[in-house]
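Okay, so here's the structure we're looking at.
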There are 2 protein chains.
Amino acid sequence: MIRVLIADDEVMIRSAVAALLSLEDDIEVVAECADGAQAVVMAEKLKPDICLLDLEMPELDGVQVADRLRTTLTATRCVVVTRHARPGVLRRALASGVSGFLPKSRSANEIAEVIRRVMAGARYVDPEIAADALSDERSPLTERELDVLRAGRRGEATSQIARSLSLAPGTVRNYISAILAKLNVATRQQAVLLAEERGWI
Amino acid sequence: MIRVLIADDEVMIRSAVAALLSLEDDIEVVAECADGAQAVVMAEKLKPDICLLDLEMPELDGVQVADRLRTTLTATRCVVVTRHARPGVLRRALASGVSGFLPKSRSANEIAEVIRRVMAGARYVDPEIAADALSDERSPLTERELDVLRAGRRGEATSQIARSLSLAPGTVRNYISAILAKLNVATRQQAVLLAEERGWI
DNA sequence: ATACGGGGATGACATTTGTCATTACCTAAA
DNA sequence: TTTAGGTAATGACAAATGTCATCCCCGTAT
């Protein structure tokens, strides 16, 4: 029996996938979690064989969960599922020791198969995303520039961003100016939208 | 046998829900569609009893699909499912003749039950959203103000918005100023975020 | 040792935005 | 008929934003 933990903040998809997986003879769903923090706690308690993690979750995202479990639960393998599968995200996921990666644009039936493969020791990365990842879309922004972009992703004013990062307002404006030049867009909001699309933030 | 059409752009949830519904003795999934336009075509061809429509879809959203089917297929009832269930959206949905409305924060097993109730002639609206809708969250913005907000939702500059709406730049700034005051936020981006959250645009 | 890139800051400048007063036109209530 | 309210525009002003040059401090690769 493969013991599986499922984490996804969207109840409908979580319960649907859990129900489907439970129908498989060799799979047992041992936990359903609504966010990343809960997933970490439950995983450490139940020590499942496989964690099926949604990428977009409150508190901790799927990759962050995998990253934490890597050190504490060496026997547990993680499979990350995401709505918008961007190459940048795949890179981050693989760096965090994720064993499987598939987009929600795949059919639910395929999940069981991926789980079995990963259980058998293989790594499974969705072929389409893997191909995309080769046509390198790495972020041209530095860590700090990304921090600034993240801090301003909800339309915060320069002064707010400066406060939350403990920077001078002028410095923030310098970073934003550099970001706009690198991404070749005209406004902060467009920069945020572009970076979100590409999976850089 | 209740004949059901499912439309959702997210393959994983669509296939999972379809598989689960197919397990029910009295339900038959006759079509799976990836977008609204396709849903309209298939519905008119197959004349299902119930259309289970995702709200967030490319081309036509779930409410728009229901609106079209209302005139052409009077016997077909529509159930709309959405990720972020906002009162404003519910209002729009009911105005379009939708018979059922439930958020994805409900479990997948409940879908079959809702389908049966709607099939029996009842209207089903998720109780939580219905309660929210009473604490009126209608948009305080005028049609034109919404146009401006929509035109600028991707961080377009004032001059761009003005061009795309054939307005003077100053007029656009006046509208934006009014929007910020009404929504009590400090930047365009925050106004866009708020309006999107509330289902106003 | 030194050149380079990242992080952090300042000051100056030009634009863009947001605010406000004021005007005008039109339509639908009262 | 008067009164609102929505749409559209101008002009003026203040504040925020984007751009640039220039400076400093570090660490590391040459």
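Ordered as shown in the structure tokens, chains take letters A, B, and onward, while each chain numbers its residues from 1 and ligands are numbered from 1 in the order shown.
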
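Near chain C, within 12 Å and using only C-alpha atoms (C1' of nucleotides), the residues of chain B are Ala157, Thr158, Ser159, Pro169, Gly170, Val172, Arg173, Asn174, Tyr175, Ile176, Ser177, Ala178, Ile179, Leu180, Ala181, Val185, Ala186, Thr187 and Arg188 of chain B.
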
Could those residues be written to a file, using C-alpha atoms, as a CSV table (one decimal), in the first residue's frame?
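Contents of selection21.csv, as written:
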```
chain,number,residue,atom,x,y,z
B,157,ALA,CA,-0.3,54.2,-18.3
B,158,THR,CA,-2.9,56.9,-18.2
B,159,SER,CA,-2.2,57.9,-21.8
B,169,PRO,CA,-5.8,61.9,-20.3
B,170,GLY,CA,-7.1,64.3,-17.8
B,172,VAL,CA,-8.9,59.3,-17.1
B,173,ARG,CA,-7.1,60.8,-14.2
B,174,ASN,CA,-10.3,62.3,-12.9
B,175,TYR,CA,-12.0,58.8,-13.0
B,176,ILE,CA,-9.1,57.2,-11.3
B,177,SER,CA,-9.1,59.8,-8.6
B,178,ALA,CA,-12.8,59.1,-8.1
B,179,ILE,CA,-12.2,55.4,-8.0
B,180,LEU,CA,-9.4,55.6,-5.4
B,181,ALA,CA,-11.6,57.8,-3.2
B,185,VAL,CA,-7.1,52.9,-1.5
B,186,ALA,CA,-4.0,54.7,-2.6
B,187,THR,CA,-2.9,53.3,-5.9
B,188,ARG,CA,-4.5,52.1,-9.2
```

Within 12 Å of chain A: residues of chain B, using only C-alpha atoms, as an MDAnalysis selection string: chainID B and resid 8:23 32 34 54 81:84 102:112 152:160 185:194

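If we count only C-alpha atoms (C1' of nucleotides), these residues of chain D sit within 9 Å of chain A: D:DA16, D:DT17, D:DG18, D:DT19.
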
Restrict the selected residues to N, CA, C and O atoms (P, O5', C5', C4', C3', O3' and C1' of nucleotides) and save them as an mmCIF file, in the first residue's frame.
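Generated output (selection_37.cif):
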```cif
data_model
loop_
_atom_site.group_PDB
_atom_site.id
_atom_site.type_symbol
_atom_site.label_atom_id
_atom_site.label_comp_id
_atom_site.auth_asym_id
_atom_site.auth_seq_id
_atom_site.Cartn_x
_atom_site.Cartn_y
_atom_site.Cartn_z
ATOM 1 P P DA D 16 3.771 61.617 -1.432
ATOM 2 O "O5'" DA D 16 3.928 60.756 -2.760
ATOM 3 C "C5'" DA D 16 2.757 60.355 -3.448
ATOM 4 C "C4'" DA D 16 3.131 59.660 -4.742
ATOM 5 C "C3'" DA D 16 4.220 58.605 -4.599
ATOM 6 O "O3'" DA D 16 3.783 57.462 -5.333
ATOM 7 C "C1'" DA D 16 4.847 60.193 -6.233
ATOM 8 P P DT D 17 4.691 56.149 -5.423
ATOM 9 O "O5'" DT D 17 5.434 56.399 -6.809
ATOM 10 C "C5'" DT D 17 4.654 56.616 -7.968
ATOM 11 C "C4'" DT D 17 5.542 56.796 -9.178
ATOM 12 C "C3'" DT D 17 6.651 55.752 -9.311
ATOM 13 O "O3'" DT D 17 6.505 55.148 -10.582
ATOM 14 C "C1'" DT D 17 7.492 57.946 -9.629
ATOM 15 P P DG D 18 7.464 53.922 -11.020
ATOM 16 O "O5'" DG D 18 8.529 54.685 -11.911
ATOM 17 C "C5'" DG D 18 8.091 55.269 -13.127
ATOM 18 C "C4'" DG D 18 9.267 55.875 -13.881
ATOM 19 C "C3'" DG D 18 10.472 54.951 -14.068
ATOM 20 O "O3'" DG D 18 10.917 55.143 -15.416
ATOM 21 C "C1'" DG D 18 11.166 56.949 -13.010
ATOM 22 P P DT D 19 12.303 54.467 -15.980
ATOM 23 O "O5'" DT D 19 13.342 55.630 -15.739
ATOM 24 C "C5'" DT D 19 13.157 56.858 -16.419
ATOM 25 C "C4'" DT D 19 14.429 57.680 -16.357
ATOM 26 C "C3'" DT D 19 15.724 56.866 -16.540
ATOM 27 O "O3'" DT D 19 16.490 57.520 -17.535
ATOM 28 C "C1'" DT D 19 15.863 58.194 -14.592
#
```

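Of the residues listed (A:Ser99, A:Asn184, A:Thr171, A:Thr71), A:Thr171 shows the shortest atom-to-atom separation from Glu145 in chain A; distances use only C-alpha atoms.
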
Coordinates-based distance that separates CA of Ile201 in chain A from CA of Gly88 in chain A (Å, one decimal): 9.3 Å

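Separating CA of Ala131 in chain A from CA of Arg86 in chain A is a distance of 10.9 Å.
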
Contacts of range 58-70 of chain B at 7 Å (only C-alpha atoms (C1' of nucleotides); same-chain gap of 3+ positions) as a list of chain:residue names: B:Asp35, B:Gly36, B:Ala37, B:Val40, B:Leu53, B:Asp54, B:Leu55, B:Leu73, B:Thr74, B:Cys78, B:Val80, B:Ala93, B:Ser96, B:Gly97, B:Val98

For the residues in that selection, give me all heavy atoms as a short mmCIF file (atom, residue, chain, number, x, y, z; two decimals), in the first residue's frame.
```cif
data_model
loop_
_atom_site.label_atom_id
_atom_site.label_comp_id
_atom_site.auth_asym_id
_atom_site.auth_seq_id
_atom_site.Cartn_x
_atom_site.Cartn_y
_atom_site.Cartn_z
N ASP B 35 -13.54 25.09 -22.49
CA ASP B 35 -13.82 26.52 -22.41
C ASP B 35 -15.30 26.80 -22.66
O ASP B 35 -16.05 25.91 -23.07
CB ASP B 35 -12.94 27.31 -23.39
CG ASP B 35 -13.22 26.94 -24.84
OD1 ASP B 35 -14.31 27.26 -25.32
OD2 ASP B 35 -12.34 26.34 -25.48
N GLY B 36 -15.68 28.04 -22.46
CA GLY B 36 -17.08 28.40 -22.54
C GLY B 36 -17.69 28.24 -23.92
O GLY B 36 -18.83 27.77 -24.06
N ALA B 37 -16.95 28.65 -24.93
CA ALA B 37 -17.46 28.58 -26.30
C ALA B 37 -17.79 27.13 -26.66
O ALA B 37 -18.86 26.82 -27.21
CB ALA B 37 -16.44 29.16 -27.27
N VAL B 40 -20.98 25.88 -24.99
CA VAL B 40 -22.21 26.28 -25.65
C VAL B 40 -22.51 25.36 -26.83
O VAL B 40 -23.63 24.85 -26.97
CB VAL B 40 -22.11 27.75 -26.14
CG1 VAL B 40 -23.31 28.10 -27.01
CG2 VAL B 40 -22.02 28.70 -24.95
N LEU B 53 -20.79 24.26 -14.79
CA LEU B 53 -19.89 25.22 -15.43
C LEU B 53 -18.94 25.88 -14.45
O LEU B 53 -19.37 26.42 -13.42
CB LEU B 53 -20.73 26.31 -16.12
CG LEU B 53 -21.79 25.84 -17.11
CD1 LEU B 53 -22.74 26.99 -17.44
CD2 LEU B 53 -21.14 25.29 -18.36
N ASP B 54 -17.66 25.89 -14.78
CA ASP B 54 -16.70 26.65 -14.00
C ASP B 54 -16.92 28.12 -14.32
O ASP B 54 -17.28 28.46 -15.45
CB ASP B 54 -15.28 26.24 -14.38
CG ASP B 54 -14.23 26.92 -13.51
OD1 ASP B 54 -14.55 27.27 -12.37
OD2 ASP B 54 -13.10 27.12 -13.99
N LEU B 55 -16.73 28.99 -13.35
CA LEU B 55 -16.90 30.41 -13.64
C LEU B 55 -15.72 30.95 -14.42
O LEU B 55 -15.89 31.62 -15.44
CB LEU B 55 -17.07 31.22 -12.35
CG LEU B 55 -17.31 32.71 -12.58
CD1 LEU B 55 -18.64 32.94 -13.28
CD2 LEU B 55 -17.25 33.48 -11.29
N LEU B 73 -31.85 26.68 -24.79
CA LEU B 73 -32.16 25.38 -24.17
C LEU B 73 -32.92 25.58 -22.86
O LEU B 73 -32.32 25.58 -21.79
CB LEU B 73 -30.86 24.62 -23.88
CG LEU B 73 -30.01 24.17 -25.06
CD1 LEU B 73 -28.72 23.57 -24.55
CD2 LEU B 73 -30.76 23.17 -25.91
N THR B 74 -34.21 25.72 -22.96
CA THR B 74 -34.97 26.03 -21.75
C THR B 74 -35.03 24.86 -20.77
O THR B 74 -35.23 25.07 -19.58
CB THR B 74 -36.42 26.45 -22.11
OG1 THR B 74 -36.94 25.50 -23.04
CG2 THR B 74 -36.44 27.82 -22.76
N CYS B 78 -28.40 25.14 -15.33
CA CYS B 78 -26.97 25.36 -15.15
C CYS B 78 -26.57 25.49 -13.68
O CYS B 78 -27.25 26.14 -12.89
CB CYS B 78 -26.53 26.63 -15.88
SG CYS B 78 -26.67 26.47 -17.68
N VAL B 80 -23.21 26.69 -11.54
CA VAL B 80 -21.92 27.36 -11.69
C VAL B 80 -21.05 27.09 -10.47
O VAL B 80 -21.51 27.15 -9.33
CB VAL B 80 -22.10 28.87 -11.89
CG1 VAL B 80 -20.77 29.61 -11.79
CG2 VAL B 80 -22.75 29.16 -13.25
N ALA B 93 -24.75 35.88 -11.57
CA ALA B 93 -25.13 34.52 -11.94
C ALA B 93 -26.63 34.33 -11.88
O ALA B 93 -27.26 33.82 -12.81
CB ALA B 93 -24.41 33.51 -11.05
N SER B 96 -28.55 35.70 -14.60
CA SER B 96 -28.42 34.97 -15.86
C SER B 96 -29.15 33.63 -15.84
O SER B 96 -28.92 32.78 -16.68
CB SER B 96 -26.94 34.74 -16.19
OG SER B 96 -26.30 35.98 -16.39
N GLY B 97 -29.97 33.44 -14.84
CA GLY B 97 -30.78 32.23 -14.81
C GLY B 97 -30.06 30.98 -14.34
O GLY B 97 -30.47 29.86 -14.68
N VAL B 98 -29.01 31.16 -13.58
CA VAL B 98 -28.30 29.99 -13.08
C VAL B 98 -29.11 29.34 -11.95
O VAL B 98 -29.66 30.04 -11.11
CB VAL B 98 -26.90 30.41 -12.55
CG1 VAL B 98 -26.28 29.34 -11.69
CG2 VAL B 98 -25.99 30.77 -13.72
#
```

In range 1-200 of chain B, DSSP helix (DSSP H, G or I) residues written as a ChimeraX atom specification: /B:11-23,36-46,62-72,87-95,109-119,127-134,143-151,158-165,169-183,188-197

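Compared by their closest atoms to DT7 in chain D, and using only C-alpha atoms (C1' of nucleotides), the residues B:Glu143, B:Lys182, B:Ser164, B:Glu44 rank with B:Glu143 nearest.
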